[in-house]
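What follows is a short report on a single structure.
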Amino acid sequence: MIDIINAKKVFKEYVSNYDITDGKIALKVAHILRVAELSKQIANSLGLSEENVELAELIGLLHDIGRFEQVRKFNTFNDKKSINHGEYGVKILFEDNLIKKFNIDEKYYKTIKIAILNHNRNCIENGLTEKELIHSKIIRDSDKLDIFHVLLTDTMENIYGCSDEQMQNSSFSEITIKEFKEDHLIDYKNRKTFGDLWISHVAYIFDFNFKNSYIIMKQNDYLNKLLERVNFKDSKTIKQAKEIVEIGNEYMNMILNN
């Protein structure tokens with residue numbers, strides 16, 4: 001079995017090497033702990049074994065381990081402008097051997113590695129075993145669920161790299177709106193405005209794997225609250241934003257009613 005108490009202790013020791021007074025570092029520590037709990041919750045809802053519930057919680061604890069060096073070196077969460085934090089996390093764990101400090105059986109290593117590598121990709125890679133696939137899906141769902149929490153509670157500066165006013169005065173690129181409506185997938189290369197960043201987060205609603213994740217989204221009313229949070233000013237942008245959220249809510253309700 002996996003000693004989660006020890007894993008959290010080792011995680012705490014690792015992050016003590018970073019400046020916890022830095023808003024980005026504090027944000028990420030809190031996010032990781034919540035994701036670990038959400039992963040445990042989702043795994044339990046799926047009726048997985050105690051071993052797999054513990055493994056899901058551990059992966060939640062490790063999934064963003066690469067973020068701390070990313071912030072230290074580049075002062076950003078933007079992978080495009082710095083490093084792929086999933087791949088870098090795997091390097092820290094398995095090439096720099098941080099994983100050894102967690103004192104877990106090596107039989108879990110491959111599943112952990114694959115889940116971390118897939119948590120921030122556009123889609124999960126093919127050819128995974130049933131166990132690798134389920135854990136990749138769990139971490140993707142729990143990560144996105146907590147991102148919605150972060151979007152509503154942290155500063156625009158930490159989240160988007162802009163002020164509240166800059167977001168409120170932002171607009172949407174037509175190609176981003178088109179992608180959202182037609183494909184339900186946003187090509188990050190096409191994001192030009194802060195509003196486009198906002199739409200790409202709303203689009204997460206199309207990428208959950210489990211019904212329980214949609215239940216959590218619905219219970220927290222995340223999409224409607226996200227619209228209220230940004231408070232766009234331009235009338236055209238307001239109309240477009242309301243339509244985007246309406247489409248997201250309709251999709252969620254369709255999943256929940258099936």
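Scheme for the structure tokens: letters A, B, ... for chains in order shown; per-chain residue numbers from 1; ligand numbers from 1 in order shown.
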**Asked** Which polymer residues have any atom within 9 Å of an atom of A:Arg67, counting only C-alpha atoms, with same-chain residues fewer than 4 positions away left out, as a ChimeraX atom specification?
**Response** /A:25,28,71-72,76-77,85-86,88-89
Residues of the last selection are to be written out with C-alpha atoms, as a CSV table (one decimal), in the first residue's frame.
```csv
chain,number,residue,atom,x,y,z
A,25,ILE,CA,4.0,29.2,-5.2
A,28,LYS,CA,0.3,25.9,-6.5
A,71,VAL,CA,8.1,29.6,-11.3
A,72,ARG,CA,11.6,29.8,-9.9
A,76,THR,CA,5.2,32.0,-15.1
A,77,PHE,CA,2.8,29.1,-15.4
A,85,HIS,CA,5.5,21.4,-16.6
A,86,GLY,CA,4.2,17.8,-16.9
A,88,TYR,CA,9.6,18.6,-16.3
A,89,GLY,CA,7.8,17.1,-13.3
```
Residues of stretch 95-140 of chain A at most 9 Å from stretch 204-224 of chain A: nearest atom pair and distance in Å, only C-alpha atoms, as JSON lines:
```
{"residue": "A:Cys123", "atom": "CA", "partner": "A:Asp207", "partner_atom": "CA", "distance": 8.7}
{"residue": "A:Lys137", "atom": "CA", "partner": "A:Asn209", "partner_atom": "CA", "distance": 6.2}
{"residue": "A:Ile138", "atom": "CA", "partner": "A:Asn209", "partner_atom": "CA", "distance": 7.7}
{"residue": "A:Arg140", "atom": "CA", "partner": "A:Phe208", "partner_atom": "CA", "distance": 7.6}
```
**Request:** Find the residue from A:Tyr14, A:Trp198, A:Phe232, A:Phe68 that sits nearest to A:Gly161; use only C-alpha atoms when measuring.
**Result:** A:Trp198
Can I get the residues of stretch 48-83 of chain A within 12 Å of stretch 97-117 of chain A, each with the closest pair of atoms and their distance in Å to one decimal, using only C-alpha atoms, sorted chain first then ascending number, as a tab-separated table?
```
residue	atom	partner	partner_atom	distance
A:Glu51	CA	A:Tyr108	CA	10.4
A:Asn52	CA	A:Tyr108	CA	10.0
A:Glu54	CA	A:Tyr108	CA	11.0
A:Leu55	CA	A:Tyr108	CA	7.9
A:Ala56	CA	A:Ile112	CA	8.8
A:Glu57	CA	A:Ile112	CA	10.7
A:Leu58	CA	A:Ile112	CA	8.4
A:Ile59	CA	A:Ile112	CA	6.0
A:Gly60	CA	A:Ile116	CA	8.8
A:Leu61	CA	A:Ile116	CA	10.3
A:Leu62	CA	A:Ile116	CA	7.6
A:His63	CA	A:Ile116	CA	5.1
A:Asp64	CA	A:Ile116	CA	7.9
A:Ile65	CA	A:Ile116	CA	9.4
A:Gly66	CA	A:Ile116	CA	10.0
```
**Request:** May I have the residues within 12 Å of A:Gln166 as a PyMOL selection string, using only C-alpha atoms and disregarding those fewer than 6 positions away in the same chain?
**Result:** chain A and resi 156-157+160+193-195+230-233
Generate a file of the selected residues that holds C-alpha atoms, formatted as a short mmCIF file (atom, residue, chain, number, x, y, z; two decimals), in the first residue's frame.
```cif
data_model
loop_
_atom_site.label_atom_id
_atom_site.label_comp_id
_atom_site.auth_asym_id
_atom_site.auth_seq_id
_atom_site.Cartn_x
_atom_site.Cartn_y
_atom_site.Cartn_z
CA MET A 156 -6.17 37.80 -12.33
CA GLU A 157 -2.44 38.50 -12.18
CA TYR A 160 -3.88 35.24 -16.47
CA THR A 193 -6.39 38.03 -26.01
CA PHE A 194 -7.04 37.61 -22.29
CA GLY A 195 -10.62 36.82 -23.28
CA VAL A 230 -14.70 38.52 -15.15
CA ASN A 231 -17.41 41.18 -15.53
CA PHE A 232 -16.68 42.05 -19.18
CA LYS A 233 -17.57 45.65 -20.10
#
```
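Checking A:Ile32, A:Asp154, A:Gly248, A:Ala26 one by one against A:Lys8, counting only C-alpha atoms, you find the shortest gap at A:Ile32.
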**Request:** Could you give me, as a VMD selection string, the residues within 12 Å of A:Glu50, counting only C-alpha atoms and dropping anything in the same chain fewer than 5 positions from it?
**Result:** chain A and resid 1 to 4 40 to 41 43 to 45 55 to 57
**Message:** Based on the backbone DSSP call, show me all residues of stretch 124-252 of chain A assigned alpha helix (DSSP H), as a PyMOL selection string.
**Reply:** chain A and resi 130-153+156-160+164-168+174-182+194-202+211-220+222-230+235-252
**Request:** Quick one: pull the distance between atom CA of A:Ser49 and atom CA of A:Arg34, Å, one decimal.
**Result:**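 Atom CA of A:Arg34 lies 20.9 Å from atom CA of A:Ser49.
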